[in-house]
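Visitor: Got model38.txt for you, compact mmCIF, C-alpha atoms:
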# COMPACT_ATOMS: atom_id res chain seq x y z
CA MET E 23 -19.33 12.65 2.76
CA SER E 24 -21.21 12.61 6.02
CA THR E 25 -24.21 11.20 4.17
CA ASP E 26 -22.21 8.29 2.82
CA PRO E 27 -24.51 5.35 3.57
CA THR E 28 -21.62 2.95 4.00
CA ARG E 29 -19.96 5.12 6.59
CA THR E 30 -21.47 3.17 9.50
CA ASP E 31 -19.54 -0.04 8.89
CA ILE E 32 -16.58 1.30 7.01
CA HIS E 33 -14.38 0.77 10.08
CA ALA E 34 -14.91 -2.96 9.56
CA LEU E 35 -12.77 -2.75 6.42
CA SER E 36 -9.63 -1.98 8.45
CA GLY E 37 -8.49 -5.60 8.65
CA ALA E 38 -8.99 -6.35 4.97
CA TYR E 39 -7.30 -3.04 4.12
CA ALA E 40 -4.30 -3.86 6.30
CA VAL E 41 -3.66 -7.05 4.32
CA ASP E 42 -4.51 -5.58 0.89
CA ALA E 43 -7.68 -7.66 0.64
CA LEU E 44 -9.91 -4.88 -0.66
CA ASP E 45 -10.66 -4.38 -4.31
CA ASP E 46 -9.68 -1.05 -5.85
CA ASP E 47 -12.99 0.69 -5.23
CA GLU E 48 -13.20 -0.38 -1.62
CA ARG E 49 -9.60 0.57 -1.08
CA ALA E 50 -10.15 4.08 -2.44
CA GLN E 51 -13.26 4.43 -0.33
CA PHE E 52 -11.52 3.26 2.81
CA GLU E 53 -8.51 5.49 2.20
CA ARG E 54 -10.79 8.51 2.04
CA HIS E 55 -12.25 7.48 5.35
CA LEU E 56 -8.83 6.76 6.80
CA ALA E 57 -7.60 10.27 6.10
CA GLY E 58 -9.99 11.59 8.74
CA CYS E 59 -10.15 8.69 11.18
CA PRO E 60 -7.22 8.52 13.61
CA SER E 61 -8.57 5.41 15.33
CA CYS E 62 -8.63 3.54 12.02
CA GLN E 63 -5.10 4.77 11.26
CA THR E 64 -3.87 3.31 14.52
CA GLU E 65 -5.78 0.10 13.97
CA VAL E 66 -4.46 -0.37 10.45
CA ASP E 67 -0.90 0.19 11.63
CA ASP E 68 -1.34 -2.33 14.43
CA LEU E 69 -3.00 -4.94 12.24
CA ARG E 70 -0.22 -4.61 9.66
CA GLU E 71 2.24 -5.21 12.46
CA ALA E 72 0.30 -8.31 13.46
CA ALA E 73 0.07 -9.58 9.89
CA ALA E 74 3.80 -9.11 9.44
CA ALA E 75 4.26 -11.76 12.08
CA LEU E 76 2.92 -14.29 9.59
CA ALA E 77 5.89 -13.52 7.40
CA GLU E 78 8.08 -14.50 10.32
CA VAL E 79 6.90 -18.11 10.32
CA ASN E 80 6.89 -18.28 6.53
CA ALA E 81 10.36 -16.89 5.94
CA VAL E 82 12.35 -18.28 3.02
CA GLU E 83 15.97 -17.35 2.34
CA PRO E 84 16.20 -15.55 -1.01
CA PRO E 85 18.94 -16.47 -3.49
CA ALA E 86 22.25 -14.73 -2.86
CA GLU E 87 22.23 -13.20 -6.37
CA LEU E 88 19.22 -11.15 -5.37
CA ARG E 89 21.22 -9.39 -2.69
CA ALA E 90 24.04 -8.67 -5.09
CA ARG E 91 21.66 -7.29 -7.74
CA LEU E 92 19.88 -5.10 -5.25
CA LEU E 93 23.03 -3.67 -3.74
CA ALA E 94 24.27 -2.90 -7.25
CA ASP E 95 20.96 -1.20 -8.06
CA ILE E 96 20.81 1.13 -5.10
CA GLY E 97 24.00 2.80 -6.22
CA THR E 98 21.97 4.32 -9.05
CA VAL E 99 18.99 5.47 -6.99
CA ARG E 100 18.98 8.56 -4.83
CA PRO E 101 17.16 8.29 -1.49
CA LEU E 102 14.40 10.87 -1.14
CA PRO E 103 14.78 13.57 1.49
CA PRO E 104 12.56 13.50 4.57
CA MET E 105 9.14 15.11 4.41
CA ILE E 106 9.39 18.69 5.60
CA GLU E 107 6.63 19.48 8.04
CA ARG E 108 5.30 22.87 7.12
CA GLY E 109 2.98 25.12 9.08
CA ALA E 110 0.69 23.96 11.85
CA HIS E 111 0.80 20.37 13.07
CA ARG E 112 -2.95 20.11 13.21
CA HIS E 113 -3.00 18.70 9.73
CA ALA E 114 -0.43 16.03 10.39
CA PRO E 115 -2.82 13.09 9.94
CA VAL E 116 -3.87 14.44 6.57
CA ARG E 117 -0.28 14.85 5.50
CA ARG E 118 0.46 11.33 6.61
CA ARG E 119 -2.12 9.94 4.22
CA TRP E 120 -0.71 11.94 1.38
CA VAL E 121 2.60 10.36 2.13
CA ALA E 122 1.02 6.93 1.85
CA VAL E 123 -0.22 7.82 -1.57
CA VAL E 124 3.19 8.99 -2.67
CA ALA E 125 4.70 5.79 -1.42
CA ALA E 126 2.21 3.71 -3.34
CA ALA E 127 2.61 5.79 -6.44
CA ALA E 128 6.37 5.85 -6.24
CA ALA E 129 6.34 2.11 -5.79
CA VAL E 130 4.60 1.69 -9.08
CA ILE E 131 6.84 4.16 -10.86
CA VAL E 132 9.82 2.05 -9.93
CA LEU E 133 7.94 -1.05 -11.02
CA ALA E 134 7.34 0.54 -14.36
CA ALA E 135 11.01 1.40 -14.65
CA VAL E 136 12.16 -2.05 -13.70
CA GLY E 137 9.51 -3.99 -15.52
CA GLY E 138 9.26 -1.74 -18.52
CA LEU E 139 5.50 -1.64 -18.32
CA VAL E 140 3.67 0.60 -20.71
CA TRP E 141 -0.05 0.71 -20.93
CA HIS E 142 -1.78 1.90 -24.06
CA PRO E 143 -5.45 1.73 -23.30
CA TRP E 144 -6.48 4.12 -26.02
CA THR E 145 -5.36 4.22 -29.59
CA SER E 146 -3.81 7.33 -30.94
CA SER E 147 -5.94 9.93 -32.67
CA THR E 148 -4.55 13.16 -31.30
CA SER E 149 -5.59 16.36 -33.03
CA PRO E 150 -4.96 19.93 -32.02
CA GLN E 151 -8.63 20.81 -32.35
CA LEU E 152 -9.68 18.48 -29.58
CA SER E 153 -10.49 19.81 -26.15
CA ALA E 154 -7.85 19.29 -23.49
CA VAL E 155 -9.90 16.48 -22.02
CA THR E 156 -10.35 14.61 -25.29
CA GLN E 157 -6.75 15.24 -26.22
CA VAL E 158 -5.46 13.68 -23.03
CA GLN E 159 -7.97 10.85 -23.12
CA HIS E 160 -6.85 9.92 -26.60
CA ALA E 161 -3.13 10.36 -26.17
CA PRO E 162 -1.22 7.20 -27.04
CA ASP E 163 0.08 6.97 -23.51
CA ALA E 164 -3.14 7.99 -21.79
CA GLN E 165 -3.54 6.71 -18.26
CA ARG E 166 -6.81 6.61 -16.42
CA PHE E 167 -7.29 6.70 -12.65
CA SER E 168 -10.66 6.56 -10.97
CA ALA E 169 -11.77 7.42 -7.50
CA HIS E 170 -14.98 8.00 -5.65
CA GLY E 171 -15.83 11.59 -4.92
CA PRO E 172 -18.05 12.93 -2.17
CA ASP E 173 -21.64 11.73 -1.94
CA GLY E 174 -21.53 9.26 -4.77
CA ALA E 175 -19.67 11.44 -7.25
CA THR E 176 -17.28 9.67 -9.56
CA VAL E 177 -13.94 11.24 -10.30
CA THR E 178 -11.60 10.16 -13.08
CA VAL E 179 -8.20 11.62 -13.79
CA TYR E 180 -6.64 11.12 -17.20
CA ARG E 181 -2.98 11.79 -17.70
CA SER E 182 -0.61 11.76 -20.60
CA VAL E 183 3.04 11.91 -19.70
CA SER E 184 4.06 12.71 -23.28
CA LEU E 185 1.69 15.70 -23.36
CA ASP E 186 2.60 16.60 -19.76
CA LYS E 187 -1.12 17.09 -19.17
CA ALA E 188 -3.68 15.76 -16.75
CA VAL E 189 -7.40 16.39 -16.71
CA VAL E 190 -10.08 15.51 -14.23
CA VAL E 191 -13.61 14.52 -15.16
CA ALA E 192 -16.30 14.25 -12.49
CA HIS E 193 -19.91 13.18 -12.55
CA ASP E 194 -22.61 14.07 -10.04
CA LEU E 195 -20.37 16.36 -8.08
CA ALA E 196 -22.59 18.19 -5.61
CA ALA E 197 -21.96 21.86 -4.90
CA ALA E 198 -19.32 22.53 -2.28
CA PRO E 199 -20.50 24.07 1.00
CA ASP E 200 -21.10 27.85 0.99
CA ASP E 201 -17.95 29.91 0.46
CA GLU E 202 -15.95 26.81 -0.33
CA VAL E 203 -14.61 25.35 -3.54
CA TYR E 204 -13.18 22.13 -4.89
CA GLN E 205 -9.48 22.72 -5.28
CA LEU E 206 -7.26 20.45 -7.37
CA TRP E 207 -3.77 19.36 -6.40
CA LEU E 208 -0.84 17.72 -8.05
CA GLN E 209 1.66 15.99 -5.85
CA ASP E 210 5.29 16.30 -6.87
CA PRO E 211 7.84 13.49 -6.51
CA ALA E 212 8.98 14.92 -3.19
CA GLY E 213 5.46 14.67 -1.84
CA THR E 214 4.52 18.34 -1.86
CA MET E 215 1.02 19.22 -2.98
CA HIS E 216 0.82 22.00 -5.53
CA PRO E 217 -2.38 23.92 -6.30
CA ALA E 218 -3.58 22.81 -9.73
CA GLY E 219 -6.75 24.81 -10.22
CA PHE E 220 -10.37 24.31 -9.34
CA LEU E 221 -13.13 21.92 -10.33
CA PRO E 222 -16.62 23.30 -10.74
CA ALA E 223 -19.47 21.29 -9.25
CA GLY E 224 -21.96 19.75 -11.65
CA SER E 225 -23.41 16.58 -13.09
CA ASP E 226 -20.77 16.43 -15.78
CA THR E 227 -17.77 18.61 -15.10
CA SER E 228 -14.11 18.67 -15.96
CA ALA E 229 -10.95 20.72 -15.55
CA THR E 230 -7.32 20.64 -16.56
CA LEU E 231 -4.86 20.12 -13.74
CA SER E 232 -2.34 22.89 -14.16
CA GLY E 233 1.24 22.11 -13.26
CA ALA E 234 3.86 19.48 -13.87
CA ALA E 235 1.55 16.60 -14.69
CA ALA E 236 4.16 14.30 -16.20
CA THR E 237 6.28 14.08 -13.08
CA ALA E 238 3.43 14.24 -10.56
CA LYS E 239 2.92 11.20 -8.38
CA GLY E 240 -0.71 11.75 -7.65
CA ALA E 241 -3.63 14.14 -7.76
CA GLY E 242 -6.28 15.06 -5.27
CA ILE E 243 -9.29 17.22 -4.61
CA THR E 244 -9.95 18.99 -1.34
CA VAL E 245 -12.60 21.41 -0.18
CA GLU E 246 -11.00 24.78 0.47
CA PRO E 247 -12.18 28.26 1.35
CA ALA E 248 -13.26 30.28 -1.70
CA GLY E 249 -10.16 31.49 -3.53
CA GLY E 250 -8.26 28.36 -2.68
CA SER E 251 -5.34 27.63 -0.38
CA PRO E 252 -1.60 27.41 -1.02
CA ALA E 253 -1.54 23.94 0.60
CA PRO E 254 -4.36 21.51 1.45
CA THR E 255 -6.10 22.35 4.72
CA SER E 256 -8.39 19.35 4.82
CA GLY E 257 -8.41 15.68 3.92
CA PRO E 258 -8.93 14.84 0.26
CA VAL E 259 -12.45 14.17 -0.93
CA ALA E 260 -10.95 12.28 -3.82
CA LEU E 261 -7.45 11.06 -4.37
CA VAL E 262 -5.63 9.12 -7.02
CA ALA E 263 -2.08 7.81 -7.16
CA PHE E 264 -0.57 7.86 -10.61
CA THR E 265 0.09 4.18 -10.92
CA SER E 266 0.52 2.50 -14.25
CA MET W 7 13.76 -0.10 19.38
CA ASN W 8 10.51 -0.67 17.69
CA ASP W 9 11.09 -4.09 16.27
CA LEU W 10 11.14 -5.84 19.61
CA ARG W 11 8.29 -4.96 21.86
CA PRO W 12 7.41 -6.25 25.30
CA VAL W 13 5.27 -9.35 25.32
CA PRO W 14 2.74 -9.08 28.11
CA GLY W 15 2.22 -12.54 29.49
CA GLY W 16 3.51 -14.18 26.34
CA VAL W 17 6.35 -16.53 25.63
CA PRO W 18 9.47 -15.37 27.46
CA HIS W 19 11.83 -13.40 25.31
CA GLU W 20 15.14 -13.46 27.13
CA GLY W 21 16.84 -15.95 24.82
CA ALA W 22 16.24 -13.84 21.73
CA PRO W 23 19.34 -12.29 20.21
CA PRO W 24 19.24 -8.50 20.39
CA GLY W 25 19.02 -8.12 16.60
CA PRO W 26 20.09 -5.07 14.63
CA ASP W 27 18.70 -1.64 15.44
CA LEU W 28 16.63 -1.37 12.29
CA PRO W 29 15.27 2.15 12.83
CA ALA W 30 18.82 3.45 13.18
CA LEU W 31 19.94 1.47 10.13
CA LEU W 32 17.07 2.94 8.11
CA ARG W 33 18.07 6.44 9.15
CA ARG W 34 21.60 5.75 7.97
CA SER W 35 20.25 4.29 4.73
CA ALA W 36 18.32 7.49 4.15
CA ARG W 37 21.63 9.32 4.22
CA GLY W 38 22.97 7.03 1.52
CA ASP W 39 24.78 4.50 3.72
CA GLU W 40 24.74 1.37 1.57
CA ARG W 41 26.25 -0.83 4.23
CA ALA W 42 23.49 0.05 6.67
CA PHE W 43 20.97 -0.74 3.99
CA ALA W 44 22.58 -4.13 3.41
CA GLU W 45 22.05 -4.88 7.09
CA VAL W 46 18.41 -3.93 6.81
CA TYR W 47 18.14 -6.25 3.83
CA ASP W 48 19.81 -9.10 5.67
CA ALA W 49 17.47 -8.73 8.61
CA VAL W 50 14.22 -8.63 6.64
CA SER W 51 14.89 -10.30 3.28
CA ALA W 52 13.90 -13.84 4.27
CA LYS W 53 10.55 -12.63 5.56
CA ALA W 54 10.07 -10.48 2.49
CA TYR W 55 10.99 -13.22 0.06
CA GLY W 56 8.89 -15.82 1.88
CA LEU W 57 5.91 -13.48 1.75
CA ALA W 58 6.42 -12.67 -1.93
CA VAL W 59 6.81 -16.34 -2.84
CA HIS W 60 3.63 -17.22 -1.02
CA VAL W 61 1.63 -14.58 -2.83
CA VAL W 62 3.03 -14.70 -6.36
CA ARG W 63 4.18 -18.37 -6.29
CA ASP W 64 6.70 -18.03 -9.07
CA PRO W 65 10.17 -17.69 -7.48
CA ALA W 66 11.50 -15.52 -10.30
CA GLN W 67 8.63 -13.08 -9.92
CA ALA W 68 8.99 -13.17 -6.17
CA GLU W 69 12.59 -12.10 -6.58
CA GLU W 70 11.51 -9.18 -8.73
CA VAL W 71 8.95 -8.17 -6.15
CA VAL W 72 11.55 -8.23 -3.40
CA GLN W 73 14.09 -6.35 -5.48
CA GLU W 74 11.64 -3.62 -6.44
CA SER W 75 10.35 -3.37 -2.88
CA PHE W 76 13.77 -2.94 -1.35
CA LEU W 77 14.69 -0.35 -3.95
CA GLU W 78 11.61 1.44 -2.72
CA VAL W 79 12.73 1.02 0.87
CA TRP W 80 16.05 2.56 -0.08
CA ARG W 81 14.35 5.48 -1.79
CA LEU W 82 11.83 6.08 0.97
CA ALA W 83 13.93 5.27 4.04
CA ALA W 84 13.71 8.88 5.22
CA ARG W 85 9.91 8.61 5.22
CA TYR W 86 9.79 5.66 7.59
CA ASP W 87 7.75 6.74 10.62
CA ALA W 88 8.58 4.82 13.79
CA ASP W 89 5.31 5.95 15.38
CA ARG W 90 3.45 3.80 12.93
CA GLY W 91 5.18 0.51 13.51
CA SER W 92 8.36 -1.51 13.21
CA PRO W 93 10.68 -1.23 10.21
CA ALA W 94 9.96 -4.87 9.35
CA ALA W 95 6.21 -4.24 9.24
CA TRP W 96 6.74 -1.14 7.11
CA ILE W 97 8.92 -3.04 4.65
CA LEU W 98 6.59 -6.03 4.54
CA THR W 99 3.65 -3.72 3.86
CA ILE W 100 5.49 -2.47 0.77
CA VAL W 101 6.37 -6.01 -0.30
CA HIS W 102 2.86 -7.29 0.22
CA ARG W 103 1.19 -4.50 -1.66
CA ARG W 104 3.53 -4.94 -4.57
CA ALA W 105 3.11 -8.72 -4.63
CA VAL W 106 -0.66 -8.38 -4.56
CA ASP W 107 -0.65 -5.72 -7.26
CA ARG W 108 1.40 -8.00 -9.42
CA VAL W 109 -0.84 -11.04 -9.16
CA ARG W 110 -4.00 -9.01 -9.56
CA SER W 111 -2.84 -7.17 -12.64
CA ALA W 112 -1.03 -10.04 -14.31
CA GLU W 113 -3.54 -12.65 -13.75
CA SER W 114 -7.15 -12.05 -14.16
CA ALA W 115 -7.98 -15.59 -15.05
CA THR W 116 -5.02 -17.89 -14.89
CA ARG W 117 -3.94 -17.85 -11.32
CA ARG W 118 -7.40 -17.71 -9.85
CA ASP W 119 -8.51 -20.80 -11.69
CA THR W 120 -5.63 -22.99 -10.84
CA ALA W 121 -3.56 -21.61 -8.05
CA TYR W 122 -5.75 -22.31 -5.09
CA HIS W 123 -5.51 -25.96 -5.99
CA ASP W 124 -1.93 -26.90 -5.59
CA ARG W 125 -0.33 -25.77 -8.81
CA ASN W 126 3.46 -25.93 -8.43
CA GLN W 127 3.74 -24.53 -4.95
CA PRO W 128 7.43 -23.96 -4.49
CA VAL W 129 6.97 -23.65 -0.76
CA SER W 130 4.51 -25.52 1.32
CA HIS W 131 3.36 -24.12 4.59
CA ASP W 132 4.68 -27.08 6.53
CA GLU W 133 8.18 -26.89 5.10
CA THR W 134 8.60 -23.25 5.97
CA ALA W 135 7.11 -23.66 9.38
CA GLU W 136 9.62 -26.44 9.89
CA ALA W 137 12.53 -24.30 8.73
CA ALA W 138 11.63 -21.48 11.05
CA THR W 139 11.28 -23.59 14.16
CA ALA W 140 14.59 -22.44 15.51
CA SER W 141 13.56 -18.84 15.91
CA LEU W 142 12.11 -17.84 19.26
CA GLU W 143 10.19 -15.10 17.56
CA ALA W 144 8.65 -17.71 15.30
CA ARG W 145 7.66 -19.80 18.31
CA ARG W 146 5.95 -16.80 19.77
CA VAL W 147 4.10 -16.13 16.52
CA ARG W 148 3.04 -19.74 16.23
CA SER W 149 1.57 -19.79 19.65
CA ALA W 150 -0.29 -16.59 18.83
CA LEU W 151 -1.56 -18.13 15.61
CA ALA W 152 -2.85 -21.08 17.60
CA SER W 153 -5.14 -18.70 19.47
CA LEU W 154 -7.08 -17.94 16.29
CA THR W 155 -10.13 -19.99 15.47
CA PRO W 156 -9.57 -22.22 12.42
CA VAL W 157 -11.84 -20.07 10.27
CA GLN W 158 -10.10 -16.86 11.33
CA ARG W 159 -6.74 -18.35 10.57
CA GLU W 160 -7.90 -19.57 7.19
CA ALA W 161 -9.23 -16.12 6.27
CA VAL W 162 -6.08 -14.35 7.45
CA GLU W 163 -3.81 -16.76 5.57
CA LEU W 164 -5.80 -16.62 2.34
CA SER W 165 -5.67 -12.85 2.38
CA TYR W 166 -2.17 -12.19 3.62
CA LEU W 167 -0.26 -15.21 2.37
CA ARG W 168 -2.24 -15.85 -0.79
CA GLY W 169 -3.25 -12.35 -1.77
CA TYR W 170 -6.97 -12.90 -2.28
CA THR W 171 -9.54 -10.20 -1.65
CA HIS W 172 -12.13 -10.69 1.04
CA THR W 173 -14.78 -11.01 -1.66
CA GLU W 174 -12.85 -13.78 -3.38
CA ILE W 175 -12.30 -15.52 -0.07
CA ALA W 176 -16.01 -15.36 0.73
CA ARG W 177 -16.78 -16.95 -2.63
CA MET W 178 -14.12 -19.64 -2.21
CA LEU W 179 -15.38 -20.59 1.19
CA ASP W 180 -19.06 -20.19 0.35
CA LEU W 181 -19.55 -17.45 2.89
CA PRO W 182 -22.02 -14.59 2.78
CA VAL W 183 -20.38 -11.40 1.48
CA GLY W 184 -18.98 -9.46 4.41
CA THR W 185 -18.21 -12.51 6.52
CA ALA W 186 -14.67 -12.94 5.26
CA LYS W 187 -13.69 -9.35 5.98
CA THR W 188 -14.98 -9.76 9.53
CA ARG W 189 -12.97 -12.94 9.98
CA ILE W 190 -9.82 -11.28 8.65
CA ARG W 191 -10.22 -8.37 11.02
CA ASP W 192 -11.15 -10.50 14.03
CA GLY W 193 -8.22 -12.80 13.34
CA LEU W 194 -5.75 -9.95 13.02
CA ILE W 195 -7.07 -8.28 16.16
CA ARG W 196 -6.62 -11.50 18.07
CA LEU W 197 -3.10 -11.88 16.72
CA ARG W 198 -2.33 -8.31 17.70
CA ASP W 199 -3.68 -8.77 21.19
CA THR W 200 -2.01 -12.12 21.77
CA MET W 201 1.36 -10.87 20.65
CA GLY W 202 1.05 -7.48 22.28
CA VAL W 203 2.04 -5.59 19.15
CA GLY W 204 1.12 -2.00 18.55
CA SER W 205 -0.99 0.37 20.63
CA VAL W 206 2.10 1.61 22.47
CA ARG W 207 1.62 5.12 21.23
Using structure tokens, write down the structure that the file contains.

Guide:
Amino acid sequence: MSTDPTRTDIHALSGAYAVDALDDDERAQFERHLAGCPSCQTEVDDLREAAAALAEVNAVEPPAELRARLLADIGTVRPLPPMIERGAHRHAPVRRRWVAVVAAAAAVIVLAAVGGLVWHPWTSSTSPQLSAVTQVQHAPDAQRFSAHGPDGATVTVYRSVSLDKAVVVAHDLAAAPDDEVYQLWLQDPAGTMHPAGFLPAGSDTSATLSGAAATAKGAGITVEPAGGSPAPTSGPVALVAFTS
Amino acid sequence: MNDLRPVPGGVPHEGAPPGPDLPALLRRSARGDERAFAEVYDAVSAKAYGLAVHVVRDPAQAEEVVQESFLEVWRLAARYDADRGSPAAWILTIVHRRAVDRVRSAESATRRDTAYHDRNQPVSHDETAEAATASLEARRVRSALASLTPVQREAVELSYLRGYTHTEIARMLDLPVGTAKTRIRDGLIRLRDTMGVGSVR
């Protein structure tokens, strides 16, 4: 991560990030940076506030039916409870970024529910003999989420809701620092990160994410002390939101 | 109160109506208070819908974006963090992201080819600016916008109001890659500084 060659001017992406003007790769890259950069977090928040002012001078009254529909809808949706801060506060900025991911992921879940979106990128050819990875990749409802890993590694998570399985495939994943490991996490709908196993380093490596994959809102990888941790103790080195 | 902040040296604010206490209304919404949520909607919906219409263009889709976004606001009200900004900015961030996601996934080709040239724009910039003249807040924003250089303003509007990426904007405007993102950031920083938003932490 510290050898990331783009690190020097990554701060310059804050403005474009604040107004959603980054493409997916840049956005993932900047979000990884953001998790560990309090000054960028503050700047992004402030620039979003500034951008919101543009909506002020471009306001348009929505149709009244919209209000009625919405107020009818909320009766069927339960508000989520607040995030419970657990343990030391020193990891608050990290937690905050996880929350952002949940929000983005949850947003898309609702979109899928409202819009009825289903994505079938791969045709069905499931067979019990296949490895977990192949099985998930070829499930009829397979979803694919990519992210950049540390030092140029690529990380792809495949998930099948019908199989309730998610797998992670990584390329060029350098060894973790001494006495540390890559730990996998699944984030539940309430935002809590659950340990989901470990990912070995290697040029071509994969692992199954253990846990409730179908209902998870996102997955991440952090570097943890050997043996793993019950909750993330550092910012994610790779992170995906389970969007459709 | 996080939605009205002091304006150092800006346009005087005293005539502005106090406006609803949105952070408190969001807290009540989080506890399932539908009436409080309706007030939040009434306070922010015109901004949200205007933003969605600018980005996605199609009024029917803009309505869907707003509806989905506010459902999200309802669901996530307990997660709103006042330290990070006003409720309106938080809500508009959700709306904007969703509007942008929609045009980028739906489109690929169609919108990009035609939309920048004036395909059925339901709302022109001038009309809306006209309609909002009454608001003091809008006057304040407009004077802040006037402090941007024309190229900064163009870059900020193409990204925020039209939903283009900085790379697309650079190509549209024949700029070297990297220039548009700088203009967006410089423009937003100037807006922030002129209006005195944020950095009260």

Visitor: Do you know which residues are at most 10 Å from Ala236 in chain E counting only C-alpha atoms, after dropping those on the same chain fewer than 3 positions away, and could you put them as an mmCIF file with C-alpha atoms, in the frame of the given file?

Guide:
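File written: out-v1.cif
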data_model
loop_
_atom_site.group_PDB
_atom_site.id
_atom_site.type_symbol
_atom_site.label_atom_id
_atom_site.label_comp_id
_atom_site.auth_asym_id
_atom_site.auth_seq_id
_atom_site.Cartn_x
_atom_site.Cartn_y
_atom_site.Cartn_z
ATOM 1 C CA ARG E 181 -2.980 11.790 -17.700
ATOM 2 C CA SER E 182 -0.610 11.760 -20.600
ATOM 3 C CA VAL E 183 3.040 11.910 -19.700
ATOM 4 C CA SER E 184 4.060 12.710 -23.280
ATOM 5 C CA LEU E 185 1.690 15.700 -23.360
ATOM 6 C CA ASP E 186 2.600 16.600 -19.760
ATOM 7 C CA LYS E 187 -1.120 17.090 -19.170
ATOM 8 C CA ALA E 188 -3.680 15.760 -16.750
ATOM 9 C CA ASP E 210 5.290 16.300 -6.870
ATOM 10 C CA GLY E 233 1.240 22.110 -13.260
ATOM 11 C CA LYS E 239 2.920 11.200 -8.380
ATOM 12 C CA PHE E 264 -0.570 7.860 -10.610
#

Visitor: What's the separation between CA of Ala164 in chain E and CA of Thr98 in chain E, in Å to one decimal place?

Guide: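 About the pair CA of Ala164 in chain E and CA of Thr98 in chain E: they are 28.4 Å apart.
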
Visitor: Show which residues sit within 10 Å of His60 in chain W, as a tab-separated table (two decimals) with C-alpha atoms, in the frame of the given file. Count only C-alpha atoms, and ignore same-chain residues fewer than 2 positions away.

Guide:
chain	number	residue	atom	x	y	z
E	77	ALA	CA	5.89	-13.52	7.40
E	80	ASN	CA	6.89	-18.28	6.53
E	81	ALA	CA	10.36	-16.89	5.94
E	82	VAL	CA	12.35	-18.28	3.02
W	54	ALA	CA	10.07	-10.48	2.49
W	55	TYR	CA	10.99	-13.22	0.06
W	56	GLY	CA	8.89	-15.82	1.88
W	57	LEU	CA	5.91	-13.48	1.75
W	58	ALA	CA	6.42	-12.67	-1.93
W	62	VAL	CA	3.03	-14.70	-6.36
W	63	ARG	CA	4.18	-18.37	-6.29
W	64	ASP	CA	6.70	-18.03	-9.07
W	65	PRO	CA	10.17	-17.69	-7.48
W	68	ALA	CA	8.99	-13.17	-6.17
W	105	ALA	CA	3.11	-8.72	-4.63
W	127	GLN	CA	3.74	-24.53	-4.95
W	128	PRO	CA	7.43	-23.96	-4.49
W	129	VAL	CA	6.97	-23.65	-0.76
W	130	SER	CA	4.51	-25.52	1.32
W	131	HIS	CA	3.36	-24.12	4.59
W	163	GLU	CA	-3.81	-16.76	5.57
W	166	TYR	CA	-2.17	-12.19	3.62
W	167	LEU	CA	-0.26	-15.21	2.37
W	168	ARG	CA	-2.24	-15.85	-0.79
W	169	GLY	CA	-3.25	-12.35	-1.77

Visitor: In terms of the shortest atom-to-atom distance over all atoms listed in the file, which of W:Asp192, W:Glu45, W:Asp27, W:Asp180 is closest to chain E?

Guide: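 Residue with the minimum atom-to-atom distance to chain E: W:Asp192.
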
Visitor: Can you list, as a compact mmCIF listing (two decimals) with C-alpha atoms, keeping the file's coordinate frame, every protein, DNA or RNA residue that comes within 12 Å of Leu164 in chain W when you count all atoms listed in the file, leaving out same-chain residues fewer than 3 positions away?

Guide:
# COMPACT_ATOMS: atom_id res chain seq x y z
CA ALA E 38 -8.99 -6.35 4.97
CA VAL E 41 -3.66 -7.05 4.32
CA ASP E 42 -4.51 -5.58 0.89
CA ALA E 43 -7.68 -7.66 0.64
CA ALA E 73 0.07 -9.58 9.89
CA LEU E 76 2.92 -14.29 9.59
CA HIS W 60 3.63 -17.22 -1.02
CA VAL W 61 1.63 -14.58 -2.83
CA VAL W 106 -0.66 -8.38 -4.56
CA ALA W 121 -3.56 -21.61 -8.05
CA TYR W 122 -5.75 -22.31 -5.09
CA VAL W 157 -11.84 -20.07 10.27
CA GLN W 158 -10.10 -16.86 11.33
CA ARG W 159 -6.74 -18.35 10.57
CA GLU W 160 -7.90 -19.57 7.19
CA ALA W 161 -9.23 -16.12 6.27
CA LEU W 167 -0.26 -15.21 2.37
CA ARG W 168 -2.24 -15.85 -0.79
CA GLY W 169 -3.25 -12.35 -1.77
CA TYR W 170 -6.97 -12.90 -2.28
CA THR W 171 -9.54 -10.20 -1.65
CA HIS W 172 -12.13 -10.69 1.04
CA THR W 173 -14.78 -11.01 -1.66
CA GLU W 174 -12.85 -13.78 -3.38
CA ILE W 175 -12.30 -15.52 -0.07
CA ALA W 176 -16.01 -15.36 0.73
CA MET W 178 -14.12 -19.64 -2.21
CA LEU W 179 -15.38 -20.59 1.19
CA ALA W 186 -14.67 -12.94 5.26
CA LYS W 187 -13.69 -9.35 5.98
CA ARG W 189 -12.97 -12.94 9.98
CA ILE W 190 -9.82 -11.28 8.65
CA GLY W 193 -8.22 -12.80 13.34

Visitor: Using all atoms of range 160-172 of chain E that appear in the file, construct an axis-aligned enclosing box with 3 Å of padding on every side and provide its centre coordinates and edge lengths in Å, rounded to one decimal, as lines of an AutoDock Vina configuration file.

Guide:
center_x = -9.0
center_y = 9.7
center_z = -14.6
size_x = 24.1
size_y = 12.4
size_z = 30.9

Visitor: Near Leu221 in chain E, within 8 Å and counting only C-alpha atoms, which residues show up once chain neighbours fewer than 5 positions away are dropped, as JSON, numbers by chain?

Guide: {"E": [203, 204, 205, 206, 227, 228, 229]}

Visitor: With C-alpha atoms retained, could you export that selection as a short mmCIF file (atom, residue, chain, number, x, y, z; two decimals), in the coordinates of the input?

Guide:
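Result file again-v6.cif:
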data_model
loop_
_atom_site.label_atom_id
_atom_site.label_comp_id
_atom_site.auth_asym_id
_atom_site.auth_seq_id
_atom_site.Cartn_x
_atom_site.Cartn_y
_atom_site.Cartn_z
CA VAL E 203 -14.61 25.35 -3.54
CA TYR E 204 -13.18 22.13 -4.89
CA GLN E 205 -9.48 22.72 -5.28
CA LEU E 206 -7.26 20.45 -7.37
CA THR E 227 -17.77 18.61 -15.10
CA SER E 228 -14.11 18.67 -15.96
CA ALA E 229 -10.95 20.72 -15.55
#
